[in-house]
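Next up, query.cif (mmCIF, C-alpha atoms):
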```cif
data_target
loop_
_atom_site.label_atom_id
_atom_site.label_comp_id
_atom_site.auth_asym_id
_atom_site.auth_seq_id
_atom_site.Cartn_x
_atom_site.Cartn_y
_atom_site.Cartn_z
CA MET A 1 10.34 -8.74 -32.25
CA SER A 2 13.76 -7.15 -32.10
CA ALA A 3 17.03 -8.88 -32.94
CA ASN A 4 17.70 -9.64 -29.28
CA GLY A 5 14.39 -11.44 -28.84
CA LEU A 6 12.63 -8.74 -26.80
CA THR A 7 9.06 -7.91 -27.73
CA GLY A 8 7.60 -4.43 -27.58
CA SER A 9 5.22 -3.49 -24.75
CA ASP A 10 2.54 -0.80 -24.83
CA PHE A 11 3.28 0.16 -21.24
CA THR A 12 6.73 1.43 -22.21
CA GLU A 13 5.07 4.20 -24.23
CA SER A 14 3.17 5.64 -21.27
CA GLU A 15 4.20 9.06 -20.02
CA GLU A 16 2.00 9.15 -16.90
CA PRO A 17 2.54 6.53 -14.16
CA PHE A 18 -0.74 6.86 -12.25
CA LYS A 19 -2.90 6.11 -15.27
CA LEU A 20 -0.64 3.19 -16.14
CA PHE A 21 -0.91 1.88 -12.59
CA GLY A 22 -4.70 2.18 -12.75
CA ASP A 23 -4.77 0.17 -15.98
CA TRP A 24 -2.58 -2.55 -14.47
CA LEU A 25 -4.61 -2.70 -11.26
CA LYS A 26 -7.81 -3.04 -13.25
CA GLU A 27 -6.34 -5.97 -15.15
CA ALA A 28 -5.16 -7.50 -11.87
CA GLU A 29 -8.68 -7.22 -10.44
CA ALA A 30 -9.87 -9.40 -13.32
CA SER A 31 -7.06 -11.98 -13.07
CA GLU A 32 -5.97 -12.35 -9.44
CA VAL A 33 -7.86 -14.84 -7.29
CA ASN A 34 -7.38 -13.00 -3.99
CA ASP A 35 -6.75 -9.36 -3.04
CA PRO A 36 -5.36 -7.75 -6.22
CA ASN A 37 -4.80 -4.65 -4.05
CA ALA A 38 -2.45 -6.52 -1.68
CA VAL A 39 0.96 -4.91 -1.50
CA ALA A 40 4.20 -5.48 0.40
CA LEU A 41 4.93 -2.41 2.53
CA ALA A 42 8.50 -1.72 3.65
CA THR A 43 9.50 0.58 6.51
CA VAL A 44 12.61 1.02 8.64
CA ASP A 45 12.99 1.35 12.39
CA GLU A 46 15.08 3.89 14.29
CA ASP A 47 18.19 1.73 13.79
CA GLY A 48 17.66 1.52 10.04
CA LEU A 49 16.59 -2.14 10.18
CA PRO A 50 13.86 -2.79 7.60
CA ASN A 51 10.49 -4.44 8.15
CA VAL A 52 8.12 -5.63 5.44
CA ARG A 53 4.55 -6.89 5.58
CA MET A 54 1.47 -7.17 3.40
CA VAL A 55 -1.22 -4.49 3.57
CA LEU A 56 -4.17 -3.57 1.36
CA LEU A 57 -4.12 -0.53 -0.88
CA LYS A 58 -7.30 1.41 -0.19
CA GLY A 59 -7.01 4.19 -2.70
CA PHE A 60 -4.75 6.00 -5.13
CA ASP A 61 -4.78 9.07 -7.30
CA ILE A 62 -2.25 11.58 -8.59
CA ASN A 63 -1.43 12.48 -4.97
CA GLY A 64 -0.27 8.99 -4.03
CA PHE A 65 -1.09 5.56 -2.62
CA VAL A 66 -3.23 5.21 0.54
CA PHE A 67 -3.47 2.49 3.18
CA TYR A 68 -4.81 2.46 6.75
CA THR A 69 -3.44 1.18 10.04
CA ASN A 70 -3.13 1.60 13.78
CA PHE A 71 -0.58 4.38 14.30
CA GLU A 72 0.62 2.63 17.47
CA SER A 73 1.52 -0.51 15.50
CA GLN A 74 5.09 -1.25 14.46
CA LYS A 75 4.58 0.06 10.94
CA GLY A 76 2.71 3.08 12.24
CA ARG A 77 5.50 4.02 14.63
CA GLU A 78 8.18 3.45 12.00
CA ILE A 79 6.42 5.56 9.39
CA LEU A 80 5.74 8.36 11.86
CA GLY A 81 9.41 8.24 12.83
CA GLN A 82 10.93 8.19 9.36
CA LYS A 83 8.16 9.67 7.16
CA LYS A 84 9.28 7.39 4.31
CA ALA A 85 8.14 4.02 2.95
CA ALA A 86 8.17 1.75 -0.08
CA MET A 87 5.67 -0.63 -1.67
CA CYS A 88 5.87 -3.57 -4.05
CA PHE A 89 2.88 -4.96 -5.92
CA HIS A 90 3.31 -8.39 -7.50
CA TRP A 91 0.63 -9.85 -9.76
CA LYS A 92 1.77 -13.38 -10.42
CA THR A 93 -0.83 -14.29 -13.02
CA LEU A 94 0.08 -11.22 -15.08
CA ARG A 95 3.82 -11.56 -14.45
CA ARG A 96 3.99 -7.92 -13.48
CA GLN A 97 5.40 -5.91 -10.60
CA VAL A 98 5.18 -2.26 -9.52
CA ARG A 99 7.54 -0.68 -7.00
CA VAL A 100 6.76 2.61 -5.25
CA ARG A 101 9.04 4.73 -3.04
CA GLY A 102 8.64 8.12 -1.44
CA PRO A 103 7.82 10.30 1.56
CA VAL A 104 4.66 9.67 3.56
CA GLU A 105 1.92 11.96 4.82
CA ILE A 106 -1.11 11.35 7.03
CA VAL A 107 -4.48 11.47 5.30
CA THR A 108 -7.05 14.01 6.48
CA ASP A 109 -9.47 13.19 9.28
CA ALA A 110 -12.30 13.41 6.76
CA GLU A 111 -10.65 10.80 4.53
CA ALA A 112 -10.00 8.49 7.48
CA ASP A 113 -13.54 8.89 8.83
CA ALA A 114 -15.06 8.20 5.42
CA TYR A 115 -13.05 5.03 4.92
CA PHE A 116 -13.55 3.79 8.49
CA ALA A 117 -17.32 4.07 8.01
CA THR A 118 -17.14 1.67 5.05
CA ARG A 119 -15.50 -1.11 7.07
CA ALA A 120 -17.50 -4.06 8.36
CA ARG A 121 -18.79 -3.49 11.89
CA GLY A 122 -16.57 -6.30 13.20
CA SER A 123 -13.51 -4.68 11.64
CA ARG A 124 -14.36 -1.37 13.30
CA ILE A 125 -14.68 -3.13 16.65
CA GLY A 126 -11.36 -4.83 15.97
CA ALA A 127 -9.66 -1.47 15.51
CA TRP A 128 -10.62 -0.65 19.10
CA ALA A 129 -9.92 -4.09 20.57
CA SER A 130 -6.50 -4.83 19.05
CA LYS A 131 -3.33 -3.29 20.49
CA GLN A 132 -1.67 -4.00 17.19
CA SER A 133 1.94 -5.29 17.19
CA ARG A 134 2.10 -5.49 20.99
CA PRO A 135 2.39 -8.70 23.04
CA LEU A 136 -0.89 -10.58 23.59
CA GLU A 137 -1.11 -12.75 26.70
CA SER A 138 -3.77 -15.06 25.23
CA ARG A 139 -6.38 -15.35 22.52
CA PHE A 140 -8.98 -15.09 25.26
CA ALA A 141 -7.74 -11.60 26.15
CA LEU A 142 -8.36 -10.45 22.59
CA GLU A 143 -11.79 -12.05 22.47
CA LYS A 144 -12.64 -10.41 25.81
CA ALA A 145 -11.64 -6.99 24.45
CA VAL A 146 -13.78 -7.59 21.35
CA ALA A 147 -16.75 -8.49 23.54
CA GLU A 148 -16.26 -5.38 25.70
CA TYR A 149 -16.16 -3.01 22.73
CA THR A 150 -19.04 -4.81 21.05
CA ALA A 151 -21.12 -4.14 24.15
CA ARG A 152 -19.92 -0.54 24.39
CA TYR A 153 -20.90 0.20 20.80
CA ALA A 154 -23.95 -2.04 20.62
CA ILE A 155 -26.12 0.87 19.53
CA GLY A 156 -25.33 3.54 16.99
CA GLU A 157 -22.22 4.27 14.98
CA ILE A 158 -18.75 3.11 16.00
CA PRO A 159 -16.37 6.11 16.09
CA ARG A 160 -12.91 5.93 14.58
CA PRO A 161 -10.15 5.60 17.22
CA SER A 162 -7.86 8.62 17.33
CA TYR A 163 -4.85 6.33 16.83
CA TRP A 164 -6.30 4.71 13.69
CA SER A 165 -5.93 6.52 10.39
CA GLY A 166 -4.28 6.39 7.00
CA PHE A 167 -0.99 7.09 5.33
CA ARG A 168 -0.36 8.29 1.79
CA ILE A 169 2.91 7.50 0.05
CA ARG A 170 3.65 10.41 -2.25
CA PRO A 171 5.96 8.71 -4.71
CA THR A 172 9.19 10.08 -6.06
CA SER A 173 9.79 6.77 -7.85
CA ILE A 174 7.40 4.31 -9.52
CA GLU A 175 8.88 1.37 -11.40
CA PHE A 176 6.89 -0.92 -13.70
CA TRP A 177 8.29 -4.39 -14.35
CA LYS A 178 7.03 -6.91 -16.88
CA ASP A 179 8.31 -10.45 -17.31
CA GLN A 180 10.08 -11.31 -20.56
CA LYS A 181 11.84 -14.41 -21.86
CA PHE A 182 15.28 -15.39 -20.60
CA ARG A 183 14.96 -12.93 -17.68
CA LEU A 184 15.39 -9.99 -20.08
CA HIS A 185 12.51 -8.19 -18.43
CA ASP A 186 11.05 -4.80 -19.29
CA ARG A 187 11.64 -2.20 -16.57
CA ILE A 188 10.44 1.39 -16.82
CA GLU A 189 11.02 3.78 -13.94
CA PHE A 190 9.31 7.13 -13.46
CA ARG A 191 11.37 9.47 -11.27
CA ARG A 192 11.00 12.97 -9.88
CA PRO A 193 13.01 14.91 -7.28
CA THR A 194 9.99 15.80 -5.12
CA PRO A 195 6.32 14.75 -4.97
CA GLU A 196 5.44 18.03 -6.67
CA GLY A 197 7.99 17.64 -9.48
CA ALA A 198 7.63 16.54 -13.09
CA TRP A 199 8.25 12.92 -14.01
CA ASP A 200 11.26 11.67 -15.94
CA LYS A 201 11.03 8.22 -17.50
CA VAL A 202 13.99 5.86 -17.69
CA ARG A 203 14.27 2.39 -19.16
CA MET A 204 16.29 0.17 -16.84
CA TYR A 205 18.44 -2.88 -17.49
CA PRO A 206 16.66 -6.03 -16.23
#
```
Turn this file's structure into structure tokens for me.
Amino acid sequence: MSANGLTGSDFTESEEPFKLFGDWLKEAEASEVNDPNAVALATVDEDGLPNVRMVLLKGFDINGFVFYTNFESQKGREILGQKKAAMCFHWKTLRRQVRVRGPVEIVTDAEADAYFATRARGSRIGAWASKQSRPLESRFALEKAVAEYTARYAIGEIPRPSYWSGFRIRPTSIEFWKDQKFRLHDRIEFRRPTPEGAWDKVRMYP
């Protein structure tokens, strides 16, 4: 322990953020009761007013962080309009947080098709039945739409709707935060000017 009471942390020695994130996510999968891959996703509308909601991370690698949605939803329209987004993971039991910011790209059709095929049949029907983020006159109207699409796709595979796909945040900033005593937290930020650039690592004041 140093003179100021801060303890050392192995994560501060890491030089590669994606491996570090993978290690933290693996630990979260063992400690979090529900949805360790849940993440707050922030977007902005055409007036610059932010929106935030929880989504599920469905994949990550050195190219970025992937999630799926209806492109006609509020978040879909905002991302398509601005091509930028941010994420914040918070694992309460581990007292850790990861923040991600960067430009956004659409995943390939092959990636979207492959993931869509893994979803439960009811979830695939739901992707057709729900006009996500738009006014719903009644619960019955949604249930009716579900019944109609269930009948339509009663036999065979359920195709992926053209308006349903995935986004990949290609980070230019990834910050790792770890709780410490007296709010003197550890914060390490990896930065790069573009998604193709080399990472710089900076320790931040808490």
A:Leu94, A:Ile174, A:Ala114, A:Ala86 ranked by distance to Ser31 in chain A, top pick (using only C-alpha atoms):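 Smallest distance to Ser31 in chain A is found for A:Leu94.
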Using only C-alpha atoms, the residue out of A:Arg134, A:Lys84, A:Arg139, A:Arg203 with shortest distance to Gly48 in chain A is A:Lys84
- Run through the PyMOL selection byres ((chain A and resi 61) around 12) on the given coordinates and return the selected residues as a PyMOL selection string. chain A and resi 16-22+57-60+62-66+168-171
| message | Tell me which residues come within 12 Å of (-0.8, 1.0, 17.5), as a PyMOL selection string, counting all atoms listed in the file in the file's coordinates. | response | chain A and resi 68-80+127-135+161-165
- request: I need the residue set behind the PyMOL selection byres ((chain A and resi 201) around 8) for this file; please write it as a list in words.
  value: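 Applying the expression gives Glu15, Ile188, Glu189, Phe190, Arg191, Trp199, Asp200, Val202 and Arg203 of chain A.
Separating CA of Phe11 in chain A from CA of Gly166 in chain A is a distance of 29.9 Å.
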